[in-house]
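Colleague: First, the structure itself, so that you have it in front of you.
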Amino acid sequence: MSGEDVRRRELPNEILLPEVAALLAAGSDVTLLTKGNSMLPFIRGGRDSVRLRKFPAVAPGDIVLARLPAGNFVLHRVLRADGGALTLMGDGNVRGTESCRAEDVAGTVVAVVRPDG
């Protein structure tokens with residue numbers, strides 16, 4: 001199947017991302033088209049896709065898909081890992097961090113896929 005044959009369907013994050021988390025937990029890699037600007041300039045929402053994989057641990061510098069305590073998901077970089085507590089921040093955010101637990105990480109970015117290769 002060529003790239004032109006691929007059909008895209010947009011779903012709300014609250015429907016899509018729990019399913020993505022389940023696929024990652026089952027051992028599948030998942031590729032998602034990104035949304036938003038919080039990871040600029042490294043990842044451009046609406047243009048770049050990310051390939052995610054579940055790993056047993058994460059480290060500072062990793063970009064992760066994580067569920068926050070409020071239930072929403074973010075794709076942000078790990079700033080600090082202190083035991084099971086993680087501090088996250090988008091590369092394009094000038095202030096503001098998020099906190100989650102290591103077990104709230106659904107997957108880690110293993111590749112950024114850009115339309116120009």
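In the structure tokens, the first chain shown is A, the next is B, and so on; residue numbers restart at 1 for each chain, and ligands run from 1 in the order shown.
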Based on the backbone DSSP call, show me all residues of chain A assigned strand (DSSP E or B), as a PyMOL selection string.

Modeller: chain A and resi 30-33+49-53+63-67+73-82+85-89+98-101+105-113

Colleague: I'd like the contact shell of A:Thr97 - 12 Å cut-off, only C-alpha atoms, skipping same-chain residues fewer than 6 positions apart - returned as a list in words.

Modeller: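 Counting only the stated atoms, we get Ser38, Leu68, Val74, His76, Arg77, Val78, Leu79, Arg80, Leu86, Thr87, Leu88, Met89, Gly90 and Asp91 of chain A.
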
Colleague: Can those selected residues be exported to a file as a compact mmCIF listing (two decimals), in the first residue's frame so that it contains N, CA and C atoms?

Modeller:
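Listed below is the output, result.txt:
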```txt
# COMPACT_ATOMS: atom_id res chain seq x y z
N SER A 38 3.31 22.92 21.59
CA SER A 38 4.10 22.89 22.83
C SER A 38 5.48 22.28 22.66
N LEU A 68 -1.81 12.86 32.57
CA LEU A 68 -1.67 13.72 33.74
C LEU A 68 -2.76 13.38 34.76
N VAL A 74 -0.39 14.42 27.48
CA VAL A 74 0.53 15.39 26.87
C VAL A 74 1.70 14.63 26.26
N HIS A 76 5.31 15.52 26.02
CA HIS A 76 6.30 16.49 26.50
C HIS A 76 7.59 15.79 26.90
N ARG A 77 8.62 16.59 27.09
CA ARG A 77 9.95 16.08 27.46
C ARG A 77 10.05 15.92 28.98
N VAL A 78 10.72 14.86 29.40
CA VAL A 78 10.99 14.63 30.83
C VAL A 78 12.13 15.55 31.25
N LEU A 79 11.84 16.45 32.20
CA LEU A 79 12.87 17.33 32.75
C LEU A 79 13.60 16.65 33.91
N ARG A 80 12.81 16.04 34.80
CA ARG A 80 13.36 15.40 35.99
C ARG A 80 12.64 14.09 36.25
N LEU A 86 7.78 12.23 37.94
CA LEU A 86 8.35 12.86 36.75
C LEU A 86 7.88 14.30 36.64
N THR A 87 8.76 15.17 36.16
CA THR A 87 8.41 16.54 35.81
C THR A 87 8.58 16.67 34.31
N LEU A 88 7.54 17.15 33.65
CA LEU A 88 7.50 17.27 32.19
C LEU A 88 7.36 18.72 31.77
N MET A 89 7.84 19.03 30.57
CA MET A 89 7.65 20.37 30.01
C MET A 89 7.78 20.29 28.50
N GLY A 90 6.93 21.01 27.80
CA GLY A 90 7.04 21.10 26.36
C GLY A 90 8.22 21.97 25.98
N ASP A 91 8.95 21.59 24.93
CA ASP A 91 10.11 22.37 24.49
C ASP A 91 9.73 23.81 24.14
```

Colleague: Run DSSP on the backbone and give me the residues of chain A it puts in helix (DSSP H, G or I), as a list in words.

Modeller: Gly3, Glu4, Asp5, Asn13, Glu14, Ile15, Leu16, Leu17, Pro18, Glu19, Val20, Ala21, Ala22, Leu23, Leu24, Ala25, Ala102, Glu103 and Asp104 of chain A

Colleague: List as a list in words the protein and nucleic acid residues near A:Ala26, meaning an atom at most 12 Å away when only C-alpha atoms are counted, but skip any in the same chain fewer than 3 places from it.

Modeller: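 These residues fall inside the cut-off: Glu19, Val20, Ala21, Ala22, Leu23, Asp29, Val30, Arg53, Lys54, Phe55, Ala106 and Gly107 of chain A.
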
Colleague: Go through A:Arg51, A:Val58, A:Val64, A:Phe73 and flag the residue nearest A:Leu17, using only C-alpha atoms for the distances.

Modeller: A:Phe73

Colleague: Which of these, A:Leu33, A:Ala57, A:Met39, A:Val113, has the shortest distance to A:Gly84 once you count only C-alpha atoms?

Modeller: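 So, comparing all the options, the nearest one is A:Ala57.
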
Colleague: Mind giving me the straight-line distance from atom CA of A:Arg9 to atom CA of A:Leu32 in Å, one decimal?

Modeller: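 According to the coordinates, atom CA of A:Arg9 and atom CA of A:Leu32 are separated by 11.2 Å.
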
Colleague: Have a look at A:Gly27, A:Gly61, A:Gly36, A:Pro18 and name the one nearest to A:Ala81; count only C-alpha atoms.

Modeller: A:Gly61

Colleague: Between A:Ala25, A:Ser99, A:Leu52, A:Glu10, which has the minimum distance to A:Leu65 (counting only C-alpha atoms)?

Modeller: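 Of all the options, A:Leu52 lies closest to A:Leu65.
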
Colleague: Between atom CA of A:Thr34 and atom CA of A:Ile15, what is the distance in Å, rounded to a tenth?

Modeller: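 One can read the atom CA of A:Thr34 to atom CA of A:Ile15 distance as 15.1 Å.
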